[in-house]
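As provided, protein-v7.pdb (PDB, C-alpha atoms) reads as follows.
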```
ATOM      1  CA  MET A   1      83.634  79.265 115.349
ATOM      2  CA  PRO A   2      83.714  81.853 112.602
ATOM      3  CA  LEU A   3      85.993  81.792 109.567
ATOM      4  CA  PHE A   4      87.629  85.129 108.746
ATOM      5  CA  ASP A   5      89.634  86.409 105.764
ATOM      6  CA  PHE A   6      92.773  88.442 106.438
ATOM      7  CA  VAL A   7      95.543  90.186 104.511
ATOM      8  CA  CYS A   8      98.962  90.379 106.155
ATOM      9  CA  ARG A   9     100.455  93.877 106.089
ATOM     10  CA  THR A  10     103.958  92.444 106.487
ATOM     11  CA  CYS A  11     104.110  89.923 103.618
ATOM     12  CA  GLY A  12     100.919  90.759 101.663
ATOM     13  CA  LYS A  13      99.530  87.217 101.720
ATOM     14  CA  GLU A  14      95.761  86.621 101.909
ATOM     15  CA  PHE A  15      94.465  83.754 104.019
ATOM     16  CA  GLU A  16      91.503  82.421 105.997
ATOM     17  CA  VAL A  17      91.561  81.669 109.715
ATOM     18  CA  LEU A  18      89.117  79.745 111.862
ATOM     19  CA  LEU A  19      89.211  81.758 115.097
ATOM     20  CA  MET A  20      88.712  79.881 118.333
ATOM     21  CA  GLY A  21      88.135  81.816 121.522
ATOM     22  CA  ASN A  22      90.154  84.986 121.999
ATOM     23  CA  ASP A  23      93.346  83.784 120.292
ATOM     24  CA  PRO A  24      94.735  86.580 118.067
ATOM     25  CA  PRO A  25      95.130  85.607 114.404
ATOM     26  CA  VAL A  26      98.653  85.103 113.053
ATOM     27  CA  CYS A  27      99.814  85.038 109.423
ATOM     28  CA  PRO A  28     100.640  81.424 108.524
ATOM     29  CA  HIS A  29     103.326  82.619 106.081
ATOM     30  CA  CYS A  30     105.418  85.029 108.206
ATOM     31  CA  GLN A  31     103.863  84.739 111.716
ATOM     32  CA  SER A  32     103.026  88.470 111.800
ATOM     33  CA  GLN A  33     100.030  89.759 113.742
ATOM     34  CA  ASP A  34      99.858  92.964 111.652
ATOM     35  CA  LEU A  35      96.723  91.919 109.761
ATOM     36  CA  VAL A  36      93.786  93.566 108.023
ATOM     37  CA  LYS A  37      90.445  91.801 108.315
ATOM     38  CA  LYS A  38      88.630  91.510 104.991
ATOM     39  CA  MET A  39      84.902  91.297 104.559
ATOM     40  CA  SER A  40      84.084  87.769 103.451
ATOM     41  CA  ALA A  41      81.753  87.076 100.532
ATOM     42  CA  PHE A  42      79.242  85.557 102.954
ATOM     43  CA  ALA A  43      79.114  88.721 105.049
ATOM     44  CA  ARG A  44      78.320  91.014 102.131
ATOM     45  CA  THR A  45      74.764  92.038 101.473
ATOM     46  CA  ARG A  46      73.292  92.659  98.066
ATOM     47  CA  GLY A  47      72.628  96.178  96.983
ATOM     48  CA  SER A  48      69.817  97.279  94.702
ATOM     49  CA  ASN A  49      72.066  97.003  91.613
ATOM     50  CA  ASP A  50      72.995  93.337  92.200
ATOM     51  CA  SER A  51      70.940  90.884  90.191
ATOM     52  CA  GLY A  52      72.634  87.471  90.152
ATOM     53  CA  SER A  53      71.596  84.471  92.176
ATOM     54  CA  GLY A  54      75.184  83.578  93.075
ATOM     55  CA  GLY A  55      77.388  85.329  95.591
ATOM     56  CA  GLY A  56      80.143  86.304  93.160
ATOM     57  CA  GLY A  57      78.343  88.495  90.667
ATOM     58  CA  SER A  58      79.130  88.889  86.993
ATOM     59  CA  LYS A  59      82.749  90.050  87.444
ATOM     60  CA  CYS A  60      83.806  86.922  89.308
ATOM     61  CA  GLY A  61      83.595  84.208  86.669
ATOM     62  CA  GLY A  62      87.322  83.766  86.066
ATOM     63  CA  CYS A  63      88.481  82.291  89.370
ATOM     64  CA  SER A  64      87.048  79.506  91.445
ATOM     65  CA  GLY A  65      88.363  80.600  94.834
ATOM     66  CA  GLY A  66      87.053  84.153  94.881
ATOM     67  CA  SER A  67      90.475  85.529  95.720
ATOM     68  CA  CYS A  68      91.456  87.230  92.465
ATOM     69  CA  ALA A  69      91.545  91.012  92.157
ATOM     70  CA  THR A  70      88.397  91.214  89.992
ATOM     71  CA  CYS A  71      86.244  89.534  92.644
ATOM     72  CA  HIS A  72      86.794  92.159  95.306
TER      73      HIS A  72
END
```

Translate this file's structure into structure tokens.
Amino acid sequence: MPLFDFVCRTCGKEFEVLLMGNDPPVCPHCQSQDLVKKMSAFARTRGSNDSGSGGGGSKCGGCSGGSCATCH
């Protein structure tokens, strides 16, 4: 059961959803289904310019959750 990151187009909230089966994801804040799927940090691959051993890179030292604007 994969975990996906979404941004709600209606209220702008970011959240994670554990999708089970074919159930469509719903925003837990406003119940909208107008969502944009984000690429999770685990799904990203390193390019030739990346050099750190962690998944966040050098710009992502300020937040612990990986959800601030400088991490993405």

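Here CA of Val7 (chain A) stands at a distance of 19.0 Å from CA of Asn22 (chain A).
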
Would you work out the distance separating CA of Gln33 (chain A) from CA of Glu16 (chain A), expressed in Å to one decimal?
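Separation between CA of Gln33 (chain A) and CA of Glu16 (chain A): 13.7 Å.
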
Ground truth for the PyMOL selection byres ((chain A and resi 13) around 10), written as number ranges by chain
A: 6-12, 14-15, 27-30, 35

Specify the axis-aligned box that encloses all atoms of region 7-25 of chain A listed in the file after padding of 5 Å on each side, stating its centre and edge lengths in Å to one decimal as AutoDock Vina command-line options.
```
--center_x 96.1 --center_y 86.8 --center_z 111.8 --size_x 26.0 --size_y 24.1 --size_z 30.3
```

Computed interatomic separation between CA of Leu19 (chain A) and CA of Leu3 (chain A) (Å):
6.4 Å
